[in-house]
Amino acid sequence: MRGLMHMPLVVVVLLVALLALATGVLADNTDQSNNGSRYAWGENIGWLKARPASEAYAAGGSGVQVTDTDVLGYLWGENIGWVNLSCKNDASCAGPAGNWGVKNDGAGHLSGYAWGENVGWINFSCSNDGSCGTANFGVTIATPGPYDYLADWGIFHGYAWAENVGWISFNCQNDSTCGTAPYQAQSGWPNSSGDGYTDAQHIALSKDPFTYCPIMRADVNGSGTVNIFDLANEAQHYGQLIPPGPARDDQNSDRKINIFDLALTAQQYGKSVTACP
Ligand SMILES: [Ca+2]
Ligand SMILES: [Ca+2]
Ligand SMILES: [Ca+2]
């Protein structure tokens, strides 16, 4: 204890937090492009970070990990310390606080509560307490739509409400600050590898959801094989911008469908996604 007393407070706090984390769920899938998409902004508390700078994008971190059913891991608040997103992090769901945490309905609509060690409960959806009639808020995660870029999947939108410190915004689009202070948070979920097959699809095929597979990318109709139907799909939208062309056809993500996309798909011709790692 004497040694502890001589440490700066911040070091002690970090050590305690690390000890807590050591017993918890350690994995995150935030900011897969490593472009800084890992921030939320609290109007009264400043920045919250969804993946620590010291950690790589991979299983094994303390940051935010989204699954089909839960949002796990921790946010780190520069001014408020750790925000625990689920009782599952430290296997405390059978404890007196019950089975609390931020939940995912599988379509990116979040609900439930997080717990800030210094700020109390943080509400991720007005549906939690039936208050949507008076203040319609919540946090969502973008999921695949016909014209949505793969690069846009997993981006957080909307607000959470912290009972003691007010609104927490997960995207600069919420408050029109993208021009001056751009920020967002992006999860790898539902497509941690960025290839167009969701994590759930990888897992159903016993494939690694963190590994980009060019065969999956080229299988634009999701049939499991790259063949003439995928090329025909692209040819049907040849020359189109996105939208109205479907983003899934755009192999090189340059927002138009042309010969380069057909060529990339042709490179995988005849292959099955069973060949993916
Ligand atoms: Ca994927
Ligand atoms: Ca196909
Ligand atoms: Ca293209």
# chains A, B, ... in the order shown; residues from 1 in each chain; ligands from 1
call {"tool": "residues_around", "arguments": {"residues": "Ile155 in chain A", "least_positions_apart": "4", "cutoff": "8 Å", "atoms": "only C-alpha atoms", "output": "PyMOL selection string"}}
result
chain A and resi 141-142+184-187
call {"tool": "closest_atom_pairs", "arguments": {"of": "chain A", "to": "ligand 3", "cutoff": "6 Å", "atoms": "only C-alpha atoms and all ligand atoms", "output": "CSV"}}
result
residue,atom,partner,partner_atom_place_in_ligand_line,distance
A:Asp250,CA,ligand 3,1 (Ca),4.3
A:Gln251,CA,ligand 3,1 (Ca),5.5
A:Asn252,CA,ligand 3,1 (Ca),4.7
A:Ser253,CA,ligand 3,1 (Ca),5.3
A:Asp254,CA,ligand 3,1 (Ca),4.7
A:Arg255,CA,ligand 3,1 (Ca),5.6
A:Lys256,CA,ligand 3,1 (Ca),4.5
A:Ile257,CA,ligand 3,1 (Ca),4.4
A:Asn258,CA,ligand 3,1 (Ca),5.8
A:Asp261,CA,ligand 3,1 (Ca),5.1
call {"tool": "write_last_selection", "arguments": {"atoms": "C-alpha atoms", "output": "CSV table (one decimal), in the first residue's frame"}}
result
chain,number,residue,atom,x,y,z
A,250,ASP,CA,-18.6,-2.1,-56.6
A,251,GLN,CA,-15.5,-4.3,-56.0
A,252,ASN,CA,-13.0,-1.5,-55.7
A,253,SER,CA,-15.2,0.9,-53.7
A,254,ASP,CA,-14.8,3.9,-56.1
A,255,ARG,CA,-18.5,4.4,-56.2
A,256,LYS,CA,-19.0,3.4,-59.8
A,257,ILE,CA,-19.5,0.1,-61.5
A,258,ASN,CA,-17.3,-0.5,-64.5
A,261,ASP,CA,-15.1,-4.3,-60.9
call {"tool": "closest_atom_pairs", "arguments": {"of": "range 140-172 of chain A", "to": "range 101-112 of chain A", "cutoff": "12 Å", "atoms": "only C-alpha atoms", "output": "Markdown table"}}
result
| residue | atom | partner | partner_atom | distance |
| --- | --- | --- | --- | --- |
| A:Thr140 | CA | A:His109 | CA | 4.7 |
| A:Ile141 | CA | A:Gly108 | CA | 4.5 |
| A:Ala142 | CA | A:Gly108 | CA | 6.2 |
| A:Thr143 | CA | A:Gly108 | CA | 6.4 |
| A:Pro144 | CA | A:Ala107 | CA | 9.2 |
| A:Gly145 | CA | A:Ala107 | CA | 11.1 |
| A:Trp153 | CA | A:Gly108 | CA | 9.9 |
| A:Gly154 | CA | A:Gly108 | CA | 8.2 |
| A:Ile155 | CA | A:Gly108 | CA | 9.6 |
| A:Phe156 | CA | A:Gly108 | CA | 8.8 |
| A:His157 | CA | A:Gly108 | CA | 10.0 |
| A:Gly158 | CA | A:Leu110 | CA | 10.2 |
| A:Tyr159 | CA | A:Leu110 | CA | 10.6 |
| A:Ala160 | CA | A:Ser111 | CA | 9.5 |
| A:Trp161 | CA | A:Gly112 | CA | 11.1 |
call {"tool": "closest_atom_pairs", "arguments": {"of": "range 156-254 of chain A", "to": "range 27-43 of chain A", "cutoff": "9 Å", "atoms": "only C-alpha atoms", "output": "CSV"}}
result
residue,atom,partner,partner_atom,distance
A:Val165,CA,A:Glu43,CA,7.8
A:Gly166,CA,A:Glu43,CA,6.8
A:Trp167,CA,A:Glu43,CA,6.0
A:Ile168,CA,A:Gly42,CA,4.2
A:Ser169,CA,A:Trp41,CA,5.2
A:Phe170,CA,A:Ala40,CA,4.5
A:Asn171,CA,A:Ala40,CA,6.7
A:Cys172,CA,A:Trp41,CA,8.5
A:Tyr183,CA,A:Tyr39,CA,6.0
A:Gln184,CA,A:Ser37,CA,5.2
A:Ala185,CA,A:Arg38,CA,4.1
A:Gln186,CA,A:Asp31,CA,5.3
A:Ser187,CA,A:Thr30,CA,4.4
A:Gly188,CA,A:Asn29,CA,5.1
A:Trp189,CA,A:Asn29,CA,7.1
A:Ser192,CA,A:Asn29,CA,6.7
A:Ser193,CA,A:Gln32,CA,7.9
A:Gly194,CA,A:Gln32,CA,8.3
A:Phe210,CA,A:Asn29,CA,8.8
call {"tool": "write_last_selection", "arguments": {"atoms": "C-alpha atoms", "output": "JSON list (two decimals), in the first residue's frame"}}
result
[["chain", "number", "residue", "atom", "x", "y", "z"],
["A", 165, "VAL", "CA", -24.11, 14.17, -17.45],
["A", 166, "GLY", "CA", -26.54, 14.51, -20.32],
["A", 167, "TRP", "CA", -26.24, 13.62, -24.00],
["A", 168, "ILE", "CA", -23.52, 11.49, -25.52],
["A", 169, "SER", "CA", -23.29, 11.75, -29.32],
["A", 170, "PHE", "CA", -21.82, 8.88, -31.35],
["A", 171, "ASN", "CA", -21.48, 10.71, -34.66],
["A", 172, "CYS", "CA", -20.65, 14.28, -35.69],
["A", 183, "TYR", "CA", -15.75, 12.20, -35.22],
["A", 184, "GLN", "CA", -17.53, 8.89, -35.33],
["A", 185, "ALA", "CA", -17.25, 5.40, -34.00],
["A", 186, "GLN", "CA", -17.28, 2.37, -36.26],
["A", 187, "SER", "CA", -17.62, -1.25, -35.37],
["A", 188, "GLY", "CA", -16.42, -4.14, -37.46],
["A", 189, "TRP", "CA", -19.80, -5.71, -36.77],
["A", 192, "SER", "CA", -15.37, -7.29, -39.25],
["A", 193, "SER", "CA", -13.25, -8.24, -42.25],
["A", 194, "GLY", "CA", -14.76, -5.75, -44.69],
["A", 210, "PHE", "CA", -11.56, -11.13, -38.98]]
call {"tool": "residues_around", "arguments": {"residues": "Met216 in chain A", "least_positions_apart": "6", "cutoff": "9 Å", "atoms": "only C-alpha atoms", "output": "mmCIF file with C-alpha atoms, in the first residue's frame"}}
result
data_model
loop_
_atom_site.group_PDB
_atom_site.id
_atom_site.type_symbol
_atom_site.label_atom_id
_atom_site.label_comp_id
_atom_site.auth_asym_id
_atom_site.auth_seq_id
_atom_site.Cartn_x
_atom_site.Cartn_y
_atom_site.Cartn_z
ATOM 1 C CA ASP A 195 -15.402 -8.292 -47.454
ATOM 2 C CA GLY A 196 -19.188 -8.186 -47.694
ATOM 3 C CA TYR A 197 -19.936 -11.386 -45.818
ATOM 4 C CA GLY A 222 -24.044 -14.253 -51.827
ATOM 5 C CA GLY A 224 -21.296 -19.064 -52.111
ATOM 6 C CA THR A 225 -19.612 -19.283 -55.505
ATOM 7 C CA VAL A 226 -18.196 -16.723 -57.916
ATOM 8 C CA SER A 272 -16.149 -21.223 -53.730
ATOM 9 C CA VAL A 273 -16.169 -19.377 -50.398
ATOM 10 C CA CYS A 276 -11.669 -18.892 -47.677
#
call {"tool": "residues_near_ligand", "arguments": {"ligand": "ligand 2", "cutoff": "10 Å", "atoms": "only C-alpha atoms and all ligand atoms", "output": "PyMOL selection string"}}
result
chain A and resi 215-233+265+269-273
call {"tool": "atom_distance", "arguments": {"atom1": "CA of Ala204 in chain A", "atom2": "CA of Asp70 in chain A"}}
result
18.3 Å
call {"tool": "select_by_dssp", "arguments": {"residues": "range 114-265 of chain A", "states": "strand (DSSP E)", "output": "list in words"}}
result
Ala114, Trp115, Gly116, Gly120, Trp121, Ile122, Asn123, Val139, Thr140, Ile141, Phe156, His157, Gly158, Tyr159, Ala160, Trp161, Ala162, Gly166, Trp167, Ile168 and Ser169 of chain A
call {"tool": "write_last_selection", "arguments": {"atoms": "C-alpha atoms", "output": "mmCIF file, in the first residue's frame"}}
result
data_model
loop_
_atom_site.group_PDB
_atom_site.id
_atom_site.type_symbol
_atom_site.label_atom_id
_atom_site.label_comp_id
_atom_site.auth_asym_id
_atom_site.auth_seq_id
_atom_site.Cartn_x
_atom_site.Cartn_y
_atom_site.Cartn_z
ATOM 1 C CA ALA A 114 -24.021 1.037 -19.728
ATOM 2 C CA TRP A 115 -22.464 1.855 -16.358
ATOM 3 C CA GLY A 116 -19.957 4.653 -15.947
ATOM 4 C CA GLY A 120 -23.799 6.140 -13.302
ATOM 5 C CA TRP A 121 -26.217 4.664 -15.801
ATOM 6 C CA ILE A 122 -26.105 5.554 -19.475
ATOM 7 C CA ASN A 123 -29.283 4.836 -21.437
ATOM 8 C CA VAL A 139 -27.961 4.570 -30.685
ATOM 9 C CA THR A 140 -27.935 2.539 -33.893
ATOM 10 C CA ILE A 141 -25.253 0.797 -35.937
ATOM 11 C CA PHE A 156 -22.620 4.329 -34.916
ATOM 12 C CA HIS A 157 -25.314 6.992 -35.095
ATOM 13 C CA GLY A 158 -27.503 8.724 -32.579
ATOM 14 C CA TYR A 159 -27.383 9.607 -28.920
ATOM 15 C CA ALA A 160 -27.222 7.967 -25.543
ATOM 16 C CA TRP A 161 -28.472 9.707 -22.417
ATOM 17 C CA ALA A 162 -26.465 9.720 -19.214
ATOM 18 C CA GLY A 166 -26.544 14.510 -20.324
ATOM 19 C CA TRP A 167 -26.238 13.618 -23.996
ATOM 20 C CA ILE A 168 -23.516 11.492 -25.520
ATOM 21 C CA SER A 169 -23.294 11.746 -29.320
#
call {"tool": "closest_residue", "arguments": {"among": "A:Ala247, A:Cys213, A:Ala94, A:Ala263", "to": "ligand 1", "atoms": "only C-alpha atoms and all ligand atoms"}}
result
A:Cys213
call {"tool": "closest_residue", "arguments": {"among": "A:Asp249, A:Glu117, A:Glu234, A:Asp208", "to": "ligand 1", "atoms": "only C-alpha atoms and all ligand atoms"}}
result
A:Asp208
call {"tool": "atom_distance", "arguments": {"atom1": "CA of Ala200 in chain A", "atom2": "atom 1 (Ca, counted along the ligand's line) of ligand 1"}}
result
8.5 Å
call {"tool": "select_by_dssp", "arguments": {"residues": "range 62-223 of chain A", "states": "alpha helix (DSSP H)", "output": "ChimeraX atom specification"}}
result
/A:199-204,214-218
call {"tool": "closest_residue", "arguments": {"among": "A:Lys207, A:Tyr238, A:Thr177, A:Asn191", "to": "ligand 1", "atoms": "only C-alpha atoms and all ligand atoms"}}
result
A:Asn191
call {"tool": "atom_distance", "arguments": {"atom1": "CA of Lys49 in chain A", "atom2": "CA of Ile203 in chain A"}}
result
27.9 Å
call {"tool": "closest_residue", "arguments": {"among": "A:Lys88, A:Arg51, A:His202, A:His237", "to": "ligand 1", "atoms": "only C-alpha atoms and all ligand atoms"}}
result
A:His202
call {"tool": "closest_residue", "arguments": {"among": "A:Gly46, A:Pro246, A:Pro96, A:Pro214", "to": "ligand 1", "atoms": "only C-alpha atoms and all ligand atoms"}}
result
A:Pro214
